[in-house]
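Text of input_17.cif (mmCIF, C-alpha atoms and all ligand atoms) as supplied:
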data_upload
#
loop_
_atom_site.group_PDB
_atom_site.id
_atom_site.type_symbol
_atom_site.label_atom_id
_atom_site.label_comp_id
_atom_site.auth_asym_id
_atom_site.auth_seq_id
_atom_site.Cartn_x
_atom_site.Cartn_y
_atom_site.Cartn_z
ATOM 1 C CA MET A 1 -7.652 -4.444 23.564
ATOM 2 C CA ILE A 2 -11.397 -3.727 23.510
ATOM 3 C CA ASP A 3 -13.604 -6.737 23.970
ATOM 4 C CA THR A 4 -17.293 -7.242 23.431
ATOM 5 C CA ASN A 5 -19.240 -10.489 23.477
ATOM 6 C CA SER A 6 -19.498 -10.488 19.700
ATOM 7 C CA SER A 7 -18.141 -13.421 17.741
ATOM 8 C CA ARG A 8 -17.106 -11.144 14.866
ATOM 9 C CA LYS A 9 -13.665 -9.672 15.257
ATOM 10 C CA ILE A 10 -11.760 -6.859 13.525
ATOM 11 C CA VAL A 11 -8.001 -6.788 13.881
ATOM 12 C CA VAL A 12 -6.350 -3.345 13.731
ATOM 13 C CA LEU A 13 -2.639 -3.373 12.947
ATOM 14 C CA GLY A 14 -0.541 -0.220 13.430
ATOM 15 C CA THR A 15 2.590 0.514 11.394
ATOM 16 C CA GLY A 16 3.094 4.241 12.083
ATOM 17 C CA GLY A 17 2.830 7.137 9.623
ATOM 18 C CA THR A 18 1.422 10.622 9.959
ATOM 19 C CA ILE A 19 -1.824 9.194 11.275
ATOM 20 C CA ALA A 20 0.230 8.369 14.399
ATOM 21 C CA GLY A 21 2.251 11.584 14.174
ATOM 22 C CA TYR A 22 2.716 14.212 16.844
ATOM 23 C CA SER A 23 3.845 17.835 17.056
ATOM 24 C CA ALA A 24 3.812 20.121 20.111
ATOM 25 C CA LEU A 25 2.294 22.802 17.816
ATOM 26 C CA VAL A 26 -1.296 22.278 16.702
ATOM 27 C CA ASN A 27 -0.737 24.277 13.519
ATOM 28 C CA ASP A 28 2.228 22.182 12.409
ATOM 29 C CA ASN A 29 1.248 19.887 9.538
ATOM 30 C CA ILE A 30 4.695 19.428 8.002
ATOM 31 C CA SER A 31 7.452 19.366 10.664
ATOM 32 C CA TYR A 32 5.816 16.916 13.075
ATOM 33 C CA ASP A 33 7.292 13.525 13.930
ATOM 34 C CA ALA A 34 5.463 10.661 12.232
ATOM 35 C CA ALA A 35 4.860 7.329 14.011
ATOM 36 C CA GLN A 36 4.641 8.486 17.660
ATOM 37 C CA ILE A 37 1.293 7.282 19.004
ATOM 38 C CA ASP A 38 0.356 3.635 19.409
ATOM 39 C CA ILE A 39 -2.584 2.279 17.460
ATOM 40 C CA GLU A 40 -4.808 1.440 20.417
ATOM 41 C CA THR A 41 -4.436 4.929 21.930
ATOM 42 C CA LEU A 42 -5.171 6.479 18.538
ATOM 43 C CA ALA A 43 -8.363 4.489 18.142
ATOM 44 C CA ARG A 44 -9.548 4.863 21.729
ATOM 45 C CA ASN A 45 -9.181 8.651 21.541
ATOM 46 C CA ILE A 46 -11.603 8.960 18.631
ATOM 47 C CA GLN A 47 -14.939 10.300 19.798
ATOM 48 C CA GLY A 48 -17.668 7.811 18.969
ATOM 49 C CA PHE A 49 -15.213 5.004 18.284
ATOM 50 C CA LYS A 50 -16.915 2.532 20.596
ATOM 51 C CA SER A 51 -20.373 3.025 19.119
ATOM 52 C CA HIS A 52 -18.953 2.930 15.578
ATOM 53 C CA VAL A 53 -17.719 -0.625 16.076
ATOM 54 C CA GLU A 54 -20.611 -1.818 18.224
ATOM 55 C CA GLY A 55 -21.231 -5.526 17.776
ATOM 56 C CA PHE A 56 -17.600 -6.250 16.892
ATOM 57 C CA LYS A 57 -14.744 -7.467 18.989
ATOM 58 C CA LEU A 58 -11.579 -5.421 18.376
ATOM 59 C CA ALA A 59 -7.965 -6.523 18.665
ATOM 60 C CA PHE A 60 -5.041 -4.103 18.320
ATOM 61 C CA GLU A 61 -1.476 -4.909 17.416
ATOM 62 C CA GLN A 62 1.508 -2.620 16.819
ATOM 63 C CA VAL A 63 3.416 -4.375 14.035
ATOM 64 C CA ALA A 64 5.802 -1.441 13.451
ATOM 65 C CA GLN A 65 6.125 2.249 14.256
ATOM 66 C CA VAL A 66 7.787 3.943 11.275
ATOM 67 C CA ASP A 67 7.560 6.889 8.944
ATOM 68 C CA SER A 68 6.592 4.989 5.789
ATOM 69 C CA LYS A 69 9.501 6.463 3.832
ATOM 70 C CA ASP A 70 11.466 3.977 5.967
ATOM 71 C CA MET A 71 9.172 1.008 5.377
ATOM 72 C CA ASP A 72 11.322 -2.032 4.680
ATOM 73 C CA PHE A 73 11.122 -5.687 3.696
ATOM 74 C CA ALA A 74 11.502 -6.978 7.269
ATOM 75 C CA ILE A 75 8.369 -5.040 8.262
ATOM 76 C CA TRP A 76 6.576 -6.193 5.113
ATOM 77 C CA GLU A 77 7.405 -9.775 5.972
ATOM 78 C CA ALA A 78 6.182 -9.379 9.569
ATOM 79 C CA LEU A 79 3.053 -7.508 8.466
ATOM 80 C CA ALA A 80 2.132 -10.027 5.765
ATOM 81 C CA ARG A 81 2.547 -12.901 8.221
ATOM 82 C CA ARG A 82 0.352 -11.199 10.838
ATOM 83 C CA VAL A 83 -2.304 -10.489 8.207
ATOM 84 C CA ALA A 84 -2.189 -14.089 6.953
ATOM 85 C CA LEU A 85 -2.493 -15.544 10.454
ATOM 86 C CA HIS A 86 -5.322 -13.252 11.584
ATOM 87 C CA ILE A 87 -7.320 -13.488 8.372
ATOM 88 C CA ALA A 88 -7.340 -17.292 8.578
ATOM 89 C CA GLU A 89 -9.207 -17.131 11.910
ATOM 90 C CA PRO A 90 -12.896 -17.936 11.278
ATOM 91 C CA ASP A 91 -14.147 -15.188 13.628
ATOM 92 C CA VAL A 92 -12.092 -12.426 11.945
ATOM 93 C CA GLN A 93 -14.262 -10.285 9.664
ATOM 94 C CA GLY A 94 -11.310 -8.330 8.282
ATOM 95 C CA ILE A 95 -8.244 -6.275 9.047
ATOM 96 C CA VAL A 96 -7.527 -2.555 9.232
ATOM 97 C CA ILE A 97 -3.933 -1.366 8.880
ATOM 98 C CA THR A 98 -2.764 2.151 9.658
ATOM 99 C CA HIS A 99 0.189 3.256 7.528
ATOM 100 C CA GLY A 100 2.034 6.355 6.320
ATOM 101 C CA THR A 101 0.744 7.846 3.089
ATOM 102 C CA ASP A 102 4.125 7.959 1.351
ATOM 103 C CA THR A 103 4.432 4.256 0.550
ATOM 104 C CA ILE A 104 0.956 2.950 1.393
ATOM 105 C CA GLU A 105 0.341 2.109 -2.274
ATOM 106 C CA GLU A 106 3.397 -0.182 -2.306
ATOM 107 C CA THR A 107 2.410 -1.970 0.900
ATOM 108 C CA ALA A 108 -1.177 -2.340 -0.324
ATOM 109 C CA TYR A 109 -0.007 -3.853 -3.599
ATOM 110 C CA PHE A 110 2.457 -6.137 -1.812
ATOM 111 C CA LEU A 111 -0.266 -7.439 0.543
ATOM 112 C CA ARG A 112 -2.657 -7.876 -2.355
ATOM 113 C CA SER A 113 0.005 -10.073 -3.986
ATOM 114 C CA VAL A 114 0.610 -12.352 -0.988
ATOM 115 C CA VAL A 115 -2.722 -12.617 0.839
ATOM 116 C CA PRO A 116 -4.977 -15.098 -0.960
ATOM 117 C CA SER A 117 -8.124 -14.258 1.007
ATOM 118 C CA VAL A 118 -11.439 -12.705 0.060
ATOM 119 C CA LYS A 119 -11.773 -11.068 3.473
ATOM 120 C CA PRO A 120 -11.190 -7.292 3.497
ATOM 121 C CA VAL A 121 -7.783 -5.869 4.369
ATOM 122 C CA VAL A 122 -8.234 -2.097 4.580
ATOM 123 C CA LEU A 123 -5.256 0.236 4.782
ATOM 124 C CA THR A 124 -5.727 3.789 5.948
ATOM 125 C CA CYS A 125 -3.567 6.808 6.703
ATOM 126 C CA ALA A 126 -3.649 10.555 7.274
ATOM 127 C CA MET A 127 -2.109 13.689 5.826
ATOM 128 C CA ARG A 128 -2.171 15.574 9.141
ATOM 129 C CA PRO A 129 -0.676 14.360 12.418
ATOM 130 C CA ALA A 130 -2.874 13.269 15.305
ATOM 131 C CA SER A 131 -1.900 16.482 17.158
ATOM 132 C CA ALA A 132 -3.230 18.801 14.403
ATOM 133 C CA LEU A 133 -5.989 21.319 15.013
ATOM 134 C CA SER A 134 -8.115 19.357 12.594
ATOM 135 C CA PRO A 135 -6.601 15.909 12.047
ATOM 136 C CA ASP A 136 -7.933 13.716 9.246
ATOM 137 C CA GLY A 137 -6.763 10.424 10.766
ATOM 138 C CA PRO A 138 -9.730 9.800 13.102
ATOM 139 C CA GLN A 139 -12.283 10.040 10.283
ATOM 140 C CA ASN A 140 -10.096 7.938 7.982
ATOM 141 C CA LEU A 141 -9.805 5.241 10.648
ATOM 142 C CA LEU A 142 -13.565 5.205 11.228
ATOM 143 C CA ASP A 143 -14.079 5.040 7.452
ATOM 144 C CA ALA A 144 -11.672 2.100 7.179
ATOM 145 C CA LEU A 145 -13.665 0.329 9.897
ATOM 146 C CA SER A 146 -16.902 1.081 8.018
ATOM 147 C CA VAL A 147 -15.431 -0.596 4.943
ATOM 148 C CA VAL A 148 -14.243 -3.663 6.858
ATOM 149 C CA MET A 149 -17.722 -4.034 8.377
ATOM 150 C CA ASP A 150 -19.424 -3.776 4.967
ATOM 151 C CA ASP A 151 -20.559 -7.138 3.587
ATOM 152 C CA LYS A 152 -19.413 -6.311 0.054
ATOM 153 C CA ALA A 153 -15.852 -5.395 1.011
ATOM 154 C CA CYS A 154 -13.170 -7.833 -0.102
ATOM 155 C CA GLY A 155 -9.460 -7.943 -0.834
ATOM 156 C CA VAL A 156 -6.900 -5.240 -0.166
ATOM 157 C CA VAL A 157 -8.042 -1.623 -0.455
ATOM 158 C CA VAL A 158 -6.877 1.816 0.678
ATOM 159 C CA VAL A 159 -9.249 4.288 2.308
ATOM 160 C CA CYS A 160 -8.433 7.988 2.534
ATOM 161 C CA ALA A 161 -10.565 11.144 2.576
ATOM 162 C CA GLY A 162 -13.778 9.189 2.137
ATOM 163 C CA VAL A 163 -12.612 7.359 -0.977
ATOM 164 C CA VAL A 164 -11.953 3.614 -1.299
ATOM 165 C CA HIS A 165 -9.225 2.668 -3.777
ATOM 166 C CA ALA A 166 -8.160 -0.750 -5.130
ATOM 167 C CA ALA A 167 -4.591 -1.740 -4.231
ATOM 168 C CA GLU A 168 -3.747 -2.165 -7.934
ATOM 169 C CA HIS A 169 -4.746 1.363 -8.893
ATOM 170 C CA VAL A 170 -4.168 3.638 -5.910
ATOM 171 C CA GLN A 171 -1.468 6.289 -6.197
ATOM 172 C CA LYS A 172 -0.468 9.156 -3.961
ATOM 173 C CA ILE A 173 -0.786 12.190 -6.202
ATOM 174 C CA HIS A 174 -0.416 15.124 -3.822
ATOM 175 C CA PRO A 175 2.183 15.894 -1.135
ATOM 176 C CA TYR A 176 -0.086 18.002 1.098
ATOM 177 C CA ARG A 177 -3.810 17.900 0.257
ATOM 178 C CA LEU A 178 -6.024 15.737 2.500
ATOM 179 C CA ASP A 179 -7.491 13.992 -0.539
ATOM 180 C CA ALA A 180 -4.038 12.907 -1.654
ATOM 181 C CA PHE A 181 -4.906 9.692 -3.506
ATOM 182 C CA ASN A 182 -6.274 8.780 -6.867
ATOM 183 C CA SER A 183 -7.113 5.587 -8.734
ATOM 184 C CA GLY A 184 -6.404 7.069 -12.162
ATOM 185 C CA GLU A 185 -8.554 5.914 -15.038
ATOM 186 C CA ALA A 186 -9.940 2.985 -12.996
ATOM 187 C CA GLY A 187 -11.637 5.370 -10.564
ATOM 188 C CA PRO A 188 -12.536 4.622 -6.946
ATOM 189 C CA LEU A 189 -14.162 1.418 -5.792
ATOM 190 C CA ALA A 190 -16.431 3.200 -3.329
ATOM 191 C CA TRP A 191 -17.004 6.212 -1.116
ATOM 192 C CA THR A 192 -17.660 6.301 2.611
ATOM 193 C CA GLU A 193 -20.547 8.487 3.692
ATOM 194 C CA GLU A 194 -21.672 8.838 7.315
ATOM 195 C CA GLY A 195 -20.561 5.331 8.211
ATOM 196 C CA ARG A 196 -22.040 3.792 5.084
ATOM 197 C CA VAL A 197 -20.187 2.577 2.014
ATOM 198 C CA ARG A 198 -21.469 3.500 -1.461
ATOM 199 C CA TRP A 199 -19.914 1.202 -4.043
ATOM 200 C CA SER A 200 -19.177 2.444 -7.555
ATOM 201 C CA VAL A 201 -19.033 -1.100 -8.885
ATOM 202 C CA GLY A 202 -21.218 -4.224 -8.958
ATOM 203 C CA PRO A 203 -20.010 -7.515 -7.472
ATOM 204 C CA ILE A 204 -16.217 -7.448 -7.152
ATOM 205 C CA ALA A 205 -14.429 -10.245 -9.026
ATOM 206 C CA LEU A 206 -11.376 -10.738 -6.864
ATOM 207 C CA ALA A 207 -8.385 -12.454 -8.473
ATOM 208 C CA LEU A 208 -6.557 -14.145 -5.607
ATOM 209 C CA PRO A 209 -2.749 -14.336 -5.763
ATOM 210 C CA ASP A 210 -0.929 -17.675 -6.085
ATOM 211 C CA ARG A 211 1.603 -16.658 -3.487
ATOM 212 C CA ASP A 212 0.988 -16.905 0.250
ATOM 213 C CA ALA A 213 2.639 -14.684 2.856
ATOM 214 C CA LEU A 214 3.384 -17.698 5.027
ATOM 215 C CA SER A 215 5.555 -19.286 2.338
ATOM 216 C CA LEU A 216 7.620 -16.187 1.528
ATOM 217 C CA PRO A 217 11.378 -16.592 1.944
ATOM 218 C CA GLU A 218 13.030 -14.690 4.788
ATOM 219 C CA SER A 219 13.102 -10.975 3.878
ATOM 220 C CA GLY A 220 16.899 -10.730 4.061
ATOM 221 C CA SER A 221 17.083 -12.908 0.967
ATOM 222 C CA TRP A 222 14.520 -11.099 -1.174
ATOM 223 C CA PRO A 223 15.856 -10.272 -4.649
ATOM 224 C CA GLN A 224 17.277 -6.834 -5.287
ATOM 225 C CA VAL A 225 15.115 -4.997 -7.797
ATOM 226 C CA GLU A 226 15.627 -1.291 -8.493
ATOM 227 C CA ILE A 227 13.868 1.395 -10.503
ATOM 228 C CA VAL A 228 15.669 3.508 -13.104
ATOM 229 C CA LEU A 229 14.231 6.508 -14.891
ATOM 230 C CA ASN A 230 14.384 7.426 -18.538
ATOM 231 C CA CYS A 231 14.809 11.182 -18.762
ATOM 232 C CA VAL A 232 16.664 13.693 -20.904
ATOM 233 C CA GLY A 233 20.294 12.630 -21.093
ATOM 234 C CA ALA A 234 19.703 9.161 -19.559
ATOM 235 C CA ASN A 235 22.912 7.368 -20.502
ATOM 236 C CA GLY A 236 22.532 3.966 -18.862
ATOM 237 C CA LYS A 237 25.548 4.298 -16.564
ATOM 238 C CA VAL A 238 23.344 3.765 -13.520
ATOM 239 C CA VAL A 239 22.171 0.448 -15.018
ATOM 240 C CA ASP A 240 25.771 -0.661 -15.647
ATOM 241 C CA ALA A 241 26.655 0.218 -12.027
ATOM 242 C CA LEU A 242 23.652 -1.699 -10.664
ATOM 243 C CA VAL A 243 24.571 -4.771 -12.709
ATOM 244 C CA THR A 244 28.089 -4.592 -11.298
ATOM 245 C CA HIS A 245 26.515 -4.597 -7.834
ATOM 246 C CA GLY A 246 24.624 -7.826 -8.541
ATOM 247 C CA ILE A 247 21.135 -6.491 -9.197
ATOM 248 C CA GLN A 248 18.576 -9.179 -10.102
ATOM 249 C CA GLY A 249 15.776 -7.090 -11.537
ATOM 250 C CA LEU A 250 15.160 -3.629 -12.943
ATOM 251 C CA VAL A 251 12.012 -1.666 -13.588
ATOM 252 C CA VAL A 252 12.371 1.196 -16.010
ATOM 253 C CA ALA A 253 10.110 4.183 -15.463
ATOM 254 C CA CYS A 254 9.939 4.898 -19.173
ATOM 255 C CA THR A 255 8.955 8.005 -21.018
ATOM 256 C CA GLY A 256 5.526 8.003 -22.681
ATOM 257 C CA ASN A 257 4.447 4.685 -24.140
ATOM 258 C CA GLY A 258 7.343 2.712 -22.666
ATOM 259 C CA THR A 259 10.242 4.362 -24.518
ATOM 260 C CA VAL A 260 13.869 4.701 -23.384
ATOM 261 C CA SER A 261 16.863 6.532 -24.855
ATOM 262 C CA ASP A 262 19.131 4.547 -27.193
ATOM 263 C CA ALA A 263 21.957 4.658 -24.637
ATOM 264 C CA LEU A 264 19.742 3.442 -21.792
ATOM 265 C CA MET A 265 18.319 0.722 -24.054
ATOM 266 C CA ALA A 266 21.855 -0.499 -24.842
ATOM 267 C CA SER A 267 22.614 -0.782 -21.105
ATOM 268 C CA LEU A 268 19.319 -2.545 -20.420
ATOM 269 C CA LEU A 269 19.908 -5.107 -23.174
ATOM 270 C CA ARG A 270 23.411 -5.717 -21.791
ATOM 271 C CA ALA A 271 21.900 -6.212 -18.331
ATOM 272 C CA MET A 272 19.338 -8.672 -19.733
ATOM 273 C CA SER A 273 22.093 -10.633 -21.486
ATOM 274 C CA GLN A 274 23.670 -11.057 -18.040
ATOM 275 C CA GLY A 275 20.480 -12.509 -16.584
ATOM 276 C CA VAL A 276 18.878 -9.354 -15.116
ATOM 277 C CA LYS A 277 15.093 -9.326 -15.518
ATOM 278 C CA VAL A 278 13.860 -5.993 -16.893
ATOM 279 C CA VAL A 279 10.317 -4.620 -17.042
ATOM 280 C CA ARG A 280 9.089 -1.384 -18.614
ATOM 281 C CA ALA A 281 6.499 0.802 -16.861
ATOM 282 C CA THR A 282 5.556 4.332 -17.831
ATOM 283 C CA ARG A 283 6.403 7.417 -15.812
ATOM 284 C CA CYS A 284 3.075 8.933 -16.992
ATOM 285 C CA SER A 285 0.664 9.063 -14.074
ATOM 286 C CA LEU A 286 -2.371 7.904 -16.088
ATOM 287 C CA GLY A 287 -2.851 5.028 -18.520
ATOM 288 C CA ARG A 288 -0.544 2.137 -19.222
ATOM 289 C CA VAL A 289 2.044 1.088 -21.795
ATOM 290 C CA VAL A 290 0.222 -0.042 -24.925
ATOM 291 C CA SER A 291 2.555 -2.788 -26.012
ATOM 292 C CA ILE A 292 3.790 -3.606 -29.475
ATOM 293 C CA PRO A 293 4.048 -7.318 -30.376
ATOM 294 C CA ASP A 294 7.841 -7.488 -30.851
ATOM 295 C CA ALA A 295 8.884 -5.368 -27.833
ATOM 296 C CA LEU A 296 12.358 -6.373 -26.600
ATOM 297 C CA ILE A 297 11.469 -5.664 -22.958
ATOM 298 C CA PRO A 298 8.131 -6.758 -21.465
ATOM 299 C CA ASP A 299 5.845 -4.098 -20.019
ATOM 300 C CA SER A 300 4.360 -3.916 -16.542
ATOM 301 C CA GLN A 301 0.773 -4.745 -17.565
ATOM 302 C CA GLY A 302 -0.476 -1.433 -16.280
ATOM 303 C CA LEU A 303 1.394 -1.391 -12.985
ATOM 304 C CA SER A 304 3.103 1.817 -11.926
ATOM 305 C CA PRO A 305 6.905 1.642 -11.555
ATOM 306 C CA VAL A 306 6.770 1.096 -7.768
ATOM 307 C CA LYS A 307 4.167 -1.660 -8.042
ATOM 308 C CA ALA A 308 5.929 -3.255 -11.024
ATOM 309 C CA ARG A 309 8.979 -3.460 -8.763
ATOM 310 C CA VAL A 310 6.992 -5.382 -6.148
ATOM 311 C CA ALA A 311 5.599 -7.732 -8.814
ATOM 312 C CA LEU A 312 9.047 -8.341 -10.313
ATOM 313 C CA MET A 313 10.575 -8.921 -6.902
ATOM 314 C CA LEU A 314 7.922 -11.507 -6.029
ATOM 315 C CA SER A 315 8.298 -13.200 -9.415
ATOM 316 C CA LEU A 316 12.031 -13.614 -8.752
ATOM 317 C CA MET A 317 11.485 -15.315 -5.387
ATOM 318 C CA PRO A 318 11.702 -19.119 -5.208
HETATM 319 C C1 LIG B 1 4.622 8.606 6.202
HETATM 320 O O1 LIG B 1 4.397 8.226 5.062
HETATM 321 O O2 LIG B 1 4.828 7.817 7.155
HETATM 322 C C2 LIG B 1 4.695 10.057 6.523
HETATM 323 C C3 LIG B 1 3.805 10.855 5.669
HETATM 324 C C4 LIG B 1 2.354 10.535 5.831
HETATM 325 O O3 LIG B 1 1.934 9.564 6.444
HETATM 326 O O4 LIG B 1 1.570 11.338 5.268
#

So that I can check it, write out the structure of this file as structure tokens.
Ligand code: SIN
Amino acid sequence: MIDTNSSRKIVVLGTGGTIAGYSALVNDNISYDAAQIDIETLARNIQGFKSHVEGFKLAFEQVAQVDSKDMDFAIWEALARRVALHIAEPDVQGIVITHGTDTIEETAYFLRSVVPSVKPVVLTCAMRPASALSPDGPQNLLDALSVVMDDKACGVVVVCAGVVHAAEHVQKIHPYRLDAFNSGEAGPLAWTEEGRVRWSVGPIALALPDRDALSLPESGSWPQVEIVLNCVGANGKVVDALVTHGIQGLVVACTGNGTVSDALMASLLRAMSQGVKVVRATRCSLGRVVSIPDALIPDSQGLSPVKARVALMLSLMP
């Protein structure tokens, strides 16, 4: 914990990821172990960290320490509760969360759906481990802090490689490049430049969610919602099997403008007749399903399959 006399506080929550990764070899950017270094050590080891956050009181908390491919609902529940509790404190300016790149877009969208606060919640990450010859995590963490300290920042965003993305739009688009994220047709919200934030938009109209992290049911009881893919030869058997296993919701990563094969459609309609909620998203990486008025299955309103899954899951909770 770093303390100053300031009344403005930033809370930094660690969850693991490559940003906290370590390898004994400095030139190893793929075989390292993710989630090895605690958040306070990571931050303290950044040159210039102290002066970057001058005037702010910092509090560190290790909520989890995982490779984000293993992110789970229990961690989401714990994380959302910590965010909700901290953000409600009058002296807290905002929150920074370090996270693995692989599922950061899902966590960002989840938090955006359960944290009804205008204060900034800034997720950041890295594509190279902390032990790399030239790690990207330290700059990304400083950039995330710059965003949290900016008066215009609000809501849940993701910062990586100098670009600020909205939780709704951000997508990991590259498995290796440092600038691995994109906001598609929406474009970035802002860029970070030498500790300053240059916004691409005017005043941000933040739509706050109805749901509150503190009233979520216990994560063990969250509804089971899966994603199925329409692809050549998709025959719907996977849907039938999931229904047999008691699935409550299904998101279909559809081809093109929300289309599915006849066989998959037959299985989906059968699933719906048994009470399973189904939503269509597109597997295209840009754009959204342009819906037709009499569509049998509702579309995801522009959400990607993974985010549509989060939205459907939350909509199925009491
Ligand atoms: C992870 O997602 O935790 C590992 C990969 C990364 O952070 O880039």

| said: So that I can check the surroundings of stretch 55-68 of chain A, please list as number ranges by chain every protein, DNA and RNA residue that reaches within 7 Å of it, counting all atoms listed in the file and ignoring chain neighbours fewer than 2 positions away. | reply: A: 1-4, 6-17, 34-35, 38-40, 53, 70-71, 75, 79, 99-100, 102-103

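When atom CA of A:Pro223 is paired with atom CA of A:Ala167, their separation reads 22.2 Å.
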
Edge lengths and centre in Å to one decimal, as AutoDock Vina command-line options, of the axis-aligned box that encloses all listed atoms of stretch 210-223 of chain A with 6 Å added on every side?
--center_x 8.1 --center_y -14.8 --center_z -0.5 --size_x 30.0 --size_y 21.0 --size_z 23.1

Near-stretch 26-32 of chain A list (8 Å; only C-alpha atoms; drop same-chain fewer than 4 positions) as a PDB file with C-alpha atoms, in the coordinates of the input:
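Below you can see out.pdb, which holds the result:
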ATOM      1  CA  GLY A  21       2.251  11.584  14.174  1.00  0.00           C
ATOM      2  CA  TYR A  22       2.716  14.212  16.844  1.00  0.00           C
ATOM      3  CA  MET A 127      -2.109  13.689   5.826  1.00  0.00           C
ATOM      4  CA  ARG A 128      -2.171  15.574   9.141  1.00  0.00           C
ATOM      5  CA  PRO A 129      -0.676  14.360  12.418  1.00  0.00           C
ATOM      6  CA  SER A 131      -1.900  16.482  17.158  1.00  0.00           C
ATOM      7  CA  ALA A 132      -3.230  18.801  14.403  1.00  0.00           C
ATOM      8  CA  LEU A 133      -5.989  21.319  15.013  1.00  0.00           C
TER       9      LEU A 133
END

List as an MDAnalysis selection string the protein and nucleic acid residues near A:Val164, meaning an atom at most 10 Å away when only C-alpha atoms are counted, but skip any in the same chain fewer than 6 places from it. chainID A and resid 122:124 143:144 147 157:158 170 181:183 187:192 197:200

In Å to one decimal, how far is atom CA of A:Gln47 from atom CA of A:Asp151?
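We find that atom CA of A:Asp151 and atom CA of A:Gln47 lie 24.5 Å from each other.
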
- Distance criterion (only C-alpha atoms): nearest to A:Pro138 out of A:Ser221, A:Ser215, A:Thr18, A:Gln171: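 Counting only C-alpha atoms, the residue closest to A:Pro138 is A:Thr18.
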
Run the PyMOL selection byres (((chain A and resi 299) around 8) and not hetatm) on the file and write out the hits as JSON, numbers by chain. {"A": [258, 279, 280, 281, 289, 291, 297, 298, 300, 301, 302]}

May I ask for the distance between atom CA of A:Leu250 and atom CA of A:Leu296, given in Å to one decimal place?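 Between atom CA of A:Leu250 and atom CA of A:Leu296 the gap works out to 14.2 Å.
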
**Item:** Contacts of A:Ala213 at 6 Å (all atoms listed in the file; same-chain gap of 6+ positions) as a list in words
**Value:** Ala80, Arg81 and Val114 of chain A

Just checking: using all atoms listed in the file, which residue out of A:Gly195, A:Pro116, A:Gly162, A:Gly287 ends up closest to A:Gly256?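 Of all the options, A:Gly287 lies closest to A:Gly256.
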
Where does stretch 22-141 of chain A meet stretch 305-313 of chain A within 12 Å, residue by residue, with the nearest atom pair and distance in Å to one decimal for each, counting only C-alpha atoms, listed by chain and rising number, as a Markdown table?
| residue | atom | partner | partner_atom | distance |
| --- | --- | --- | --- | --- |
| A:Phe73 | CA | A:Val310 | CA | 10.7 |
| A:Trp76 | CA | A:Val310 | CA | 11.3 |
| A:Asp102 | CA | A:Val306 | CA | 11.7 |
| A:Thr103 | CA | A:Val306 | CA | 9.2 |
| A:Ile104 | CA | A:Lys307 | CA | 11.0 |
| A:Glu105 | CA | A:Lys307 | CA | 7.9 |
| A:Glu106 | CA | A:Lys307 | CA | 6.0 |
| A:Thr107 | CA | A:Val310 | CA | 9.1 |
| A:Ala108 | CA | A:Lys307 | CA | 9.4 |
| A:Tyr109 | CA | A:Lys307 | CA | 6.5 |
| A:Phe110 | CA | A:Val310 | CA | 6.3 |
| A:Leu111 | CA | A:Val310 | CA | 10.1 |
| A:Arg112 | CA | A:Ala311 | CA | 10.5 |
| A:Ser113 | CA | A:Ala311 | CA | 7.8 |
| A:Val114 | CA | A:Ala311 | CA | 10.4 |

Requested in this report: Let me know the residues the PyMOL selection byres (((chain A and resi 154) around 7) and not hetatm) catches in the file above, as a list of chain:residue names.
Outcome: A:Val118, A:Lys119, A:Pro120, A:Lys152, A:Ala153, A:Gly155, A:Val156

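Proximity ranking of A:Ser23, A:Val121, A:Lys172, A:Val163 relative to ligand LIG 1 (chain B) places A:Lys172 first, based on only C-alpha atoms and all ligand atoms.
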
Restricting to all atoms listed in the file, whichever of A:Ala234, A:Leu229, A:Leu216, A:Ala241 is closest to A:Met317 is A:Leu216

Saving stretch 18-33 of chain A with C-alpha atoms, as a short mmCIF file (atom, residue, chain, number, x, y, z; two decimals), in the first residue's frame, what would that file be?
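This went into part_13.cif:
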data_model
loop_
_atom_site.label_atom_id
_atom_site.label_comp_id
_atom_site.auth_asym_id
_atom_site.auth_seq_id
_atom_site.Cartn_x
_atom_site.Cartn_y
_atom_site.Cartn_z
CA THR A 18 0.45 -11.84 -18.82
CA ILE A 19 0.97 -8.42 -17.30
CA ALA A 20 1.87 -10.36 -14.12
CA GLY A 21 3.65 -13.11 -16.06
CA TYR A 22 7.18 -14.36 -15.59
CA SER A 23 9.73 -16.38 -17.55
CA ALA A 24 13.37 -17.08 -16.62
CA LEU A 25 14.24 -16.17 -20.25
CA VAL A 26 13.96 -12.51 -21.21
CA ASN A 27 13.30 -13.39 -24.85
CA ASP A 28 10.37 -15.66 -24.04
CA ASN A 29 7.08 -13.99 -24.94
CA ILE A 30 4.98 -17.12 -25.43
CA SER A 31 5.99 -19.91 -23.00
CA TYR A 32 6.08 -17.84 -19.81
CA ASP A 33 3.78 -18.46 -16.86
#
